[in-house]
Each structure stands twice: as structure tokens, then as C-alpha cells.
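Novice: Structure file query-v5.txt, compact mmCIF, C-alpha atoms, is pasted below:
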```
# COMPACT_ATOMS: atom_id res chain seq x y z
CA MET A 1 0.00 0.00 0.00
CA LYS A 2 1.68 3.20 -1.11
CA TYR A 3 -0.32 5.62 0.97
CA LEU A 4 -1.09 5.05 4.61
CA PHE A 5 -2.30 8.14 6.38
CA THR A 6 -0.75 10.46 3.82
CA ASP A 7 -2.50 11.22 0.63
CA PRO A 8 -1.83 11.58 -3.11
CA LEU A 9 -3.05 15.11 -2.51
CA GLY A 10 0.29 15.80 -0.87
CA ASP A 11 1.90 15.59 -4.34
CA CYS A 12 -0.25 18.27 -5.95
CA SER A 13 0.89 21.83 -6.69
CA PRO A 14 1.22 24.44 -3.92
CA ASN A 15 -1.59 26.43 -5.53
CA ASP A 16 -3.92 23.44 -5.58
CA LYS A 17 -3.15 22.79 -1.91
CA ILE A 18 -4.13 26.37 -1.10
CA VAL A 19 -7.38 26.14 -3.05
CA TYR A 20 -8.14 22.75 -1.45
CA ALA A 21 -7.62 24.19 2.04
CA SER A 22 -9.64 27.28 1.13
CA ILE A 23 -12.56 25.02 0.20
CA LEU A 24 -12.31 23.39 3.63
CA VAL A 25 -12.39 26.84 5.25
CA LEU A 26 -15.43 27.74 3.20
CA ILE A 27 -17.25 24.59 4.32
CA ALA A 28 -16.31 25.12 7.97
CA SER A 29 -17.61 28.66 7.96
CA ALA A 30 -20.72 27.87 5.89
CA ASP A 31 -23.11 27.64 8.82
CA GLY A 32 -21.80 30.92 10.26
CA GLU A 33 -20.38 29.17 13.28
CA LEU A 34 -16.87 27.78 13.44
CA VAL A 35 -16.50 25.20 16.18
CA ARG A 36 -13.12 24.24 17.60
CA GLU A 37 -13.42 20.71 16.21
CA GLU A 38 -13.78 22.06 12.67
CA PHE A 39 -10.76 24.28 13.18
CA CYS A 40 -8.77 21.27 14.44
CA ALA A 41 -9.83 19.25 11.39
CA ILE A 42 -8.68 21.96 8.99
CA GLU A 43 -5.37 22.33 10.83
CA ALA A 44 -4.86 18.57 10.70
CA LEU A 45 -5.70 18.33 7.01
CA MET A 46 -3.37 21.24 6.19
CA GLY A 47 -0.67 19.52 8.20
CA ARG A 48 -1.24 16.19 6.51
CA ILE A 49 -0.44 17.58 3.07
CA LEU A 50 2.47 19.58 4.49
CA ILE A 51 1.29 23.06 3.59
CA HIS A 52 4.00 25.51 4.55
CA PRO A 53 3.40 27.05 8.02
CA GLU A 54 3.42 30.61 6.62
CA VAL A 55 0.86 29.70 3.98
CA ARG A 56 -1.33 28.22 6.70
CA VAL A 57 -1.47 31.65 8.33
CA ASP A 58 -2.97 33.11 5.13
CA ILE A 59 -5.48 30.26 4.95
CA ARG A 60 -6.52 30.77 8.58
CA ASN A 61 -7.20 34.42 7.79
CA LEU A 62 -9.81 33.29 5.27
CA LEU A 63 -11.96 32.14 8.19
CA THR A 64 -12.97 35.74 8.82
CA ASP A 65 -13.48 36.46 5.13
CA PRO A 66 -14.45 33.18 3.43
CA PRO A 67 -13.69 32.84 -0.28
CA ASP A 68 -16.25 32.29 -3.05
CA LEU A 69 -16.61 28.69 -4.18
CA ASP A 70 -17.09 29.56 -7.87
CA GLU A 71 -13.83 31.49 -7.90
CA LEU A 72 -12.02 28.65 -6.16
CA LEU A 73 -13.35 26.11 -8.64
CA ILE A 74 -12.01 28.12 -11.56
CA SER A 75 -8.47 27.95 -10.24
CA ILE A 76 -8.32 24.33 -9.05
CA ASP A 77 -7.10 21.30 -10.98
CA PRO A 78 -10.30 19.27 -11.68
CA LYS A 79 -8.55 16.17 -10.31
CA VAL A 80 -8.24 17.85 -6.90
CA ILE A 81 -11.98 18.54 -6.65
CA LYS A 82 -12.73 14.96 -5.60
CA PHE A 83 -10.24 15.20 -2.73
CA ALA A 84 -11.73 18.54 -1.71
CA LEU A 85 -15.19 16.98 -1.80
CA ARG A 86 -14.14 14.01 0.33
CA ASP A 87 -12.45 16.16 2.97
CA ALA A 88 -15.05 18.92 2.90
CA THR A 89 -17.63 16.25 3.71
CA LEU A 90 -15.43 15.13 6.59
CA VAL A 91 -15.05 18.67 7.95
CA ALA A 92 -18.79 19.28 7.63
CA ALA A 93 -19.53 16.15 9.68
CA ILE A 94 -17.11 16.97 12.48
CA ASP A 95 -19.61 18.91 14.61
CA GLY A 96 -22.07 16.03 14.49
CA GLU A 97 -24.48 17.13 11.77
CA TYR A 98 -24.62 18.46 8.24
CA ASP A 99 -26.00 21.97 8.06
CA GLU A 100 -28.14 22.95 5.03
CA MET A 101 -25.53 25.44 3.85
CA GLU A 102 -22.82 22.82 4.17
CA LEU A 103 -24.89 20.34 2.17
CA ALA A 104 -25.53 22.93 -0.55
CA LEU A 105 -21.79 23.54 -0.90
CA ILE A 106 -21.03 19.81 -0.91
CA LYS A 107 -23.57 19.25 -3.70
CA LYS A 108 -22.10 22.13 -5.67
CA LEU A 109 -18.63 20.63 -5.28
CA ALA A 110 -19.95 17.24 -6.37
CA ALA A 111 -21.53 18.78 -9.45
CA ALA A 112 -18.26 20.54 -10.30
CA GLY A 113 -16.46 17.21 -10.04
CA ASN A 114 -19.12 15.34 -12.05
CA ILE A 115 -19.82 13.11 -9.07
CA ASP A 116 -23.21 11.45 -9.09
CA ASP A 117 -25.61 11.07 -6.17
CA ASN A 118 -24.76 7.41 -5.58
CA THR A 119 -21.06 8.16 -5.29
CA LEU A 120 -21.80 11.13 -3.07
CA LYS A 121 -23.76 8.81 -0.80
CA GLU A 122 -20.74 6.49 -0.69
CA ILE A 123 -18.59 9.43 0.41
CA PHE A 124 -21.06 10.24 3.19
CA ASP A 125 -20.96 6.59 4.24
CA TRP A 126 -17.17 6.61 4.18
CA VAL A 127 -17.12 9.66 6.46
CA SER A 128 -19.55 7.99 8.81
CA SER A 129 -17.44 4.83 9.04
CA GLY A 130 -14.33 6.96 9.71
CA LEU A 131 -16.05 8.70 12.58
CA ASN A 132 -17.02 5.32 14.01
CA TRP A 133 -13.47 4.04 13.62
CA HIS A 134 -12.06 7.07 15.40
CA ASN A 135 -14.57 6.85 18.23
CA GLN A 136 -13.53 3.24 18.80
CA SER A 137 -10.14 4.53 19.91
CA LEU A 138 -11.71 6.61 22.66
CA ALA A 139 -13.64 3.55 23.84
CA LEU A 140 -10.47 1.49 23.67
CA LEU A 141 -8.65 4.04 25.81
CA GLU A 142 -11.63 4.30 28.16
CA LEU A 143 -11.92 8.05 27.57
CA MET B 1 -8.47 15.16 11.12
CA LEU B 2 -11.32 13.51 12.97
CA PRO B 3 -13.08 14.88 16.05
CA ASP B 4 -10.87 14.46 19.04
CA THR B 5 -10.27 15.60 22.57
CA VAL B 6 -6.58 16.51 22.27
CA HIS B 7 -7.46 20.18 21.79
CA LYS B 8 -9.34 20.17 25.11
CA LEU B 9 -6.25 19.28 27.12
CA PRO B 10 -4.36 22.02 29.01
CA ARG B 11 -1.82 23.74 26.77
CA GLU B 12 1.17 22.36 28.71
CA GLU B 13 -0.09 18.81 28.22
CA ARG B 14 -0.72 19.40 24.52
CA PHE B 15 2.86 20.59 24.26
CA ALA B 16 4.14 17.49 26.06
CA TYR B 17 1.92 15.33 23.81
CA ALA B 18 3.48 16.92 20.72
CA ARG B 19 7.01 16.48 22.12
CA LEU B 20 6.31 12.80 22.56
CA LEU B 21 5.24 12.55 18.93
CA ALA B 22 8.48 14.29 17.92
CA PHE B 23 10.36 11.72 19.99
CA MET B 24 8.44 8.88 18.31
CA ALA B 25 9.16 10.27 14.86
CA ARG B 26 12.88 9.90 15.51
CA VAL B 27 12.98 6.55 17.33
CA ASP B 28 14.11 4.69 14.22
CA ASN B 29 16.48 7.56 13.28
CA GLU B 30 14.61 8.16 10.05
CA LEU B 31 11.90 10.64 9.26
CA SER B 32 9.89 9.60 6.21
CA VAL B 33 7.36 11.80 4.41
CA ASP B 34 4.61 9.56 5.81
CA GLU B 35 5.81 10.12 9.36
CA MET B 36 6.20 13.86 8.77
CA ALA B 37 2.67 14.05 7.37
CA MET B 38 1.29 12.18 10.37
CA PHE B 39 3.33 14.34 12.74
CA GLU B 40 2.07 17.58 11.16
CA GLN B 41 -1.48 16.23 11.13
CA ARG B 42 -1.43 15.49 14.84
CA LEU B 43 0.36 18.77 15.57
CA GLY B 44 -2.49 20.56 13.82
CA THR B 45 -5.04 18.82 16.02
CA ALA B 46 -3.21 19.94 19.16
CA LEU B 47 -3.82 23.61 18.29
CA LEU B 48 -0.49 24.82 19.63
CA SER B 49 0.66 28.40 19.30
CA PRO B 50 2.97 29.18 16.34
CA LYS B 51 5.89 29.57 18.77
CA GLN B 52 5.19 26.20 20.38
CA ARG B 53 4.96 24.59 16.94
CA GLU B 54 8.38 25.98 16.08
CA MET B 55 9.76 24.51 19.31
CA ILE B 56 8.20 21.15 18.53
CA ARG B 57 9.58 21.15 14.99
CA SER B 58 13.05 21.79 16.37
CA ALA B 59 12.48 18.87 18.77
CA LEU B 60 12.46 16.73 15.61
CA LYS B 61 16.09 17.71 15.05
CA THR B 62 17.14 17.22 18.65
CA PRO B 63 14.61 14.80 20.15
CA PRO B 64 13.85 15.14 23.88
CA SER B 65 14.21 12.21 26.27
CA LEU B 66 11.21 9.91 26.60
CA GLN B 67 11.04 10.51 30.35
CA SER B 68 10.88 14.30 29.95
CA CYS B 69 7.94 13.94 27.55
CA LEU B 70 5.99 11.55 29.76
CA GLU B 71 6.29 13.36 33.05
CA ASN B 72 4.33 16.39 31.85
CA MET B 73 1.25 14.47 30.83
CA GLY B 74 -1.81 13.51 32.83
CA GLU B 75 -3.82 10.33 32.38
CA GLU B 76 -6.00 11.47 29.47
CA ALA B 77 -3.11 13.13 27.63
CA GLY B 78 -1.00 10.02 28.14
CA ARG B 79 -3.63 7.71 26.67
CA LEU B 80 -4.19 9.93 23.65
CA ALA B 81 -0.43 10.28 23.24
CA LEU B 82 0.00 6.50 23.25
CA ARG B 83 -2.71 6.10 20.61
CA ASP B 84 -1.13 8.76 18.39
CA SER B 85 2.35 7.38 19.02
CA VAL B 86 1.06 4.09 17.60
CA LEU B 87 -0.20 5.98 14.55
CA MET B 88 3.19 7.71 14.25
CA ALA B 89 5.11 4.46 14.59
CA ALA B 90 2.98 2.77 11.95
CA ALA B 91 2.91 5.72 9.56
CA ASP B 92 5.76 4.40 7.41
CA GLY B 93 4.10 1.00 7.07
CA THR B 94 6.07 -0.94 9.69
CA VAL B 95 6.54 -0.81 13.44
CA ASP B 96 10.11 -1.84 14.17
CA ASP B 97 11.37 -3.38 17.42
CA ASP B 98 12.68 -0.08 18.83
CA GLU B 99 9.35 1.63 18.20
CA ARG B 100 7.42 -1.28 19.71
CA GLU B 101 9.61 -1.15 22.80
CA VAL B 102 8.95 2.58 23.28
CA LEU B 103 5.21 2.07 22.80
CA GLU B 104 5.22 -0.62 25.50
CA GLU B 105 7.17 1.73 27.80
CA ILE B 106 4.58 4.47 27.32
CA ALA B 107 1.73 2.05 28.02
CA GLU B 108 3.48 0.82 31.15
CA TYR B 109 4.19 4.38 32.35
CA PHE B 110 0.49 5.19 32.18
CA ASP B 111 -0.44 1.87 33.74
CA LEU B 112 -2.45 0.66 30.76
CA ALA B 113 -3.49 -2.91 30.06
CA GLU B 114 -0.80 -5.31 28.86
CA ASP B 115 -2.49 -5.68 25.49
CA ALA B 116 -3.10 -1.94 25.03
CA VAL B 117 -0.43 -1.51 22.34
CA GLU B 118 -1.58 -4.60 20.48
CA ARG B 119 -5.18 -3.41 20.49
CA LEU B 120 -4.17 0.06 19.30
CA LEU B 121 -2.11 -1.48 16.50
CA ASN B 122 -5.15 -3.45 15.40
CA TRP B 123 -7.21 -0.27 15.54
CA THR B 124 -4.56 1.46 13.41
CA ILE B 125 -4.74 -1.30 10.80
CA GLU B 126 -8.50 -0.78 10.64
CA GLY B 127 -7.78 2.92 10.07
CA TYR B 128 -5.52 2.08 7.15
CA ALA B 129 -8.30 0.03 5.65
CA TRP B 130 -10.70 2.94 6.09
CA MET B 131 -8.30 5.37 4.41
CA ALA B 132 -7.64 2.89 1.61
CA SER B 133 -11.37 2.54 0.97
CA GLY B 134 -11.50 6.33 0.64
CA TYR B 135 -8.77 6.26 -2.03
CA GLU B 136 -10.51 3.42 -3.85
CA LEU B 137 -13.71 5.40 -3.87
CA LEU B 138 -11.96 8.42 -5.37
CA ASN B 139 -10.10 6.25 -7.87
CA ASP B 140 -13.40 4.76 -9.01
CA ILE B 141 -14.65 8.27 -9.68
CA SER B 142 -11.66 8.89 -11.95
CA GLU B 143 -12.25 5.77 -14.07
```
Go ahead and render the structure in this file as C-alpha cells.

Specialist:
Amino acid sequence: MKYLFTDPLGDCSPNDKIVYASILVLIASADGELVREEFCAIEALMGRILIHPEVRVDIRNLLTDPPDLDELLISIDPKVIKFALRDATLVAAIDGEYDEMELALIKKLAAAGNIDDNTLKEIFDWVSSGLNWHNQSLALLEL
Amino acid sequence: MLPDTVHKLPREERFAYARLLAFMARVDNELSVDEMAMFEQRLGTALLSPKQREMIRSALKTPPSLQSCLENMGEEAGRLALRDSVLMAAADGTVDDDEREVLEEIAEYFDLAEDAVERLLNWTIEGYAWMASGYELLNDISE
């Protein structure tokens, strides 16, 4: 297995990484309320693809002035959209529920990536199983 | 990248947690991209200040002693640190003898069950499978 907890996304261009992370910021701020868990998830995902620490500062600043999804989609490599969709769905689920605004953005992302409803459902299911897997660790540690 | 309780720990314990991960990253005297990605991912989750992150990154170059990392952590921090040390150790695809020995030491220090490391390794393997199913899903979209 080539990739364990890293991701092919780590090999994409610096610009695509920025746009990817900006999409995550947009999703996290979609419901007008940024919870600490969402912030942690974005920080972790930025760390995972080794975005430069100084660039992360610029991305964090977007939280107060979220970008426009249409503009982001113009400048992103179409191949990266599917990764953004997968991880945006993950970030949206972090606080326990999908907000209507979050769902609207996820569907827009899916449309931009030509991803059909069945596949989108599989992504939601994948997120759900990941949350279950992670929660098992807390049970295992008796926390 | 998944919802966690690391960010709820006191800042000093989060710092100690991150130092332990820096120690783990260097146990086998190699730092692969996979390990670096996992390290940065977990560092992001800990929500440390930029200055603390810099200190932690320099700890990668000159790793602290295991004892100094452990003594600044409480029970919850210690358990989460053991779990994420297992993730760190397995990030490059193998857990070597030196890494296994350190993991057992951490478990013993925090008075965890004898099979704690084994169970966390099994949980980690399940996590790999979950991540892999995410890649497969995205690859199917590309076909």
C-alpha cells in the first residue's frame, strides 16, 4: 500500500493545496459558526499535506473572510476537486451534523467534479465509518 | 483530522503530547514523508501556538528524552499520546522493534493494560483500511 495516512493530494501543486484548504475553510464557515473541532480538522488536514506554516497563516485568515466557491473552482485542478469533496464532507460532519448550507456547498462541489448522487452517498458513508473508527479509539482508551 | 479531545487538554499537556510525537518520529532515526505528514497532522489537532509549533519542529532535530515527555502528561493526555504514538510508529508502514519497545514503555508508564499496544495497533490497521477505501472510492470516480 503506497499511501497510509498520507494522501496523493500531498503531491499536488502548492496552488492546488491552497485552493483545497480554502474550500475546507469555506465549508467550515458555511453555517456561520466555526467550532473548535472544525478548526482542528482543517489544521490537521493542512498539516497532513504539508502546507508551509506561513501559507497556513494566510489560509486561517480566510476564516474571517471566506472565499467564493465559484472562484475557487475556476483555479483548481479538476482532479483535486474529488479530494476537496471528500475532505469537505469530513469537515462538515465533524460537529455532528450536516447543516443545510454545508450540504448545498457539498452538492455544488460534487456537481463541479461530475460526481453522481450514488457516489456522493458512498462518500457520506465513508465519512460515517471513519467517525465510528475514530470513536472506537476513545472507547479502547476508556476516555 | 477527525473529532478528538486533544485540543481540550491544558496547553502544557498538549505541548508534552506533541514532544512525545516528535520523539516517536525519531525513534528509528529516520523521518519519512509519511511520518512527517502524520506528525504535522497530529500537531495541527493539538492547536499549539505558532511559537510552540516551532519549538516542537526543532524537537524533531534534537529529540527530547522519553522521560521528559511523559512526566508532563496527565492520564488522558497520556492515553491519547499512546494512541497517536502508535499511529506515528505505523505511519511508514512498519513498526520496528525499537518503536514497539517505546510504545510498551509508554503504556506501562500510564499503567495501561498489557495488550493496550496490540489493540491500538489493530485499531490502526482498521484505520488504514478505512483510508484505503476512501482512495478506492476516489479512484473509481476517476475511471

Novice: Residues of chain A no more than 6 Å from chain B, counting all atoms listed in the file: send them over as a list in words.

Specialist: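 Filtering chain A at 6 Å from chain B with all atoms listed in the file gives Leu4, Thr6, Glu37, Cys40, Ala41, Glu43, Ala44, Leu45, Gly47, Arg48 and Ile94 of chain A.
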
Novice: Could you pull the residues within 12 Å of Ala111 in chain A, counting all atoms listed in the file, minus those fewer than 4 positions along the same chain, as a PyMOL selection string?

Specialist: chain A and resi 70+73+78+81-82+85+104-107+115-117+119-120

Novice: Starting from the point (-5.8, 22.6, -10.6), work out which residues of protein, DNA or RNA have an atom no more than 8 Å away when counting all atoms listed in the file; state them as a list in words.

Specialist: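 Protein and nucleic acid residues near the point are Ser13, Asn15, Asp16, Ser75, Ile76, Asp77, Pro78, Lys79 and Val80 of chain A.
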
Novice: State, in Å with one decimal place, the distance from CA of Leu34 in chain A to CA of Leu9 in chain B.

Specialist: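 CA of Leu9 in chain B lies at a distance of 19.3 Å from CA of Leu34 in chain A.
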
Novice: Which value, in Å to one decimal, gives the distance between CA of Phe83 in chain A and CA of Ile56 in chain B?

Specialist: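 Between CA of Phe83 in chain A and CA of Ile56 in chain B the gap works out to 28.8 Å.
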
Novice: Could you work out how far CA of Ile49 in chain A lies from CA of Asn29 in chain B, giving the answer in Å with one decimal?

Specialist: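 Taking CA of Asn29 in chain B and CA of Ile49 in chain A, their separation equals 22.2 Å.
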
Novice: At a cut-off of 12 Å from (-23.9, 32.3, 8.5) in the coordinates of the file, what residues are picked up using all atoms listed in the file, written as a PyMOL selection string?

Specialist: chain A and resi 26-34+63-66+99-102

Novice: Between A:Ala110, A:Val55, A:Leu140, A:Leu90, which residue has the minimum interatomic distance to Glu118 in chain B, considering only C-alpha atoms?

Specialist: A:Leu140
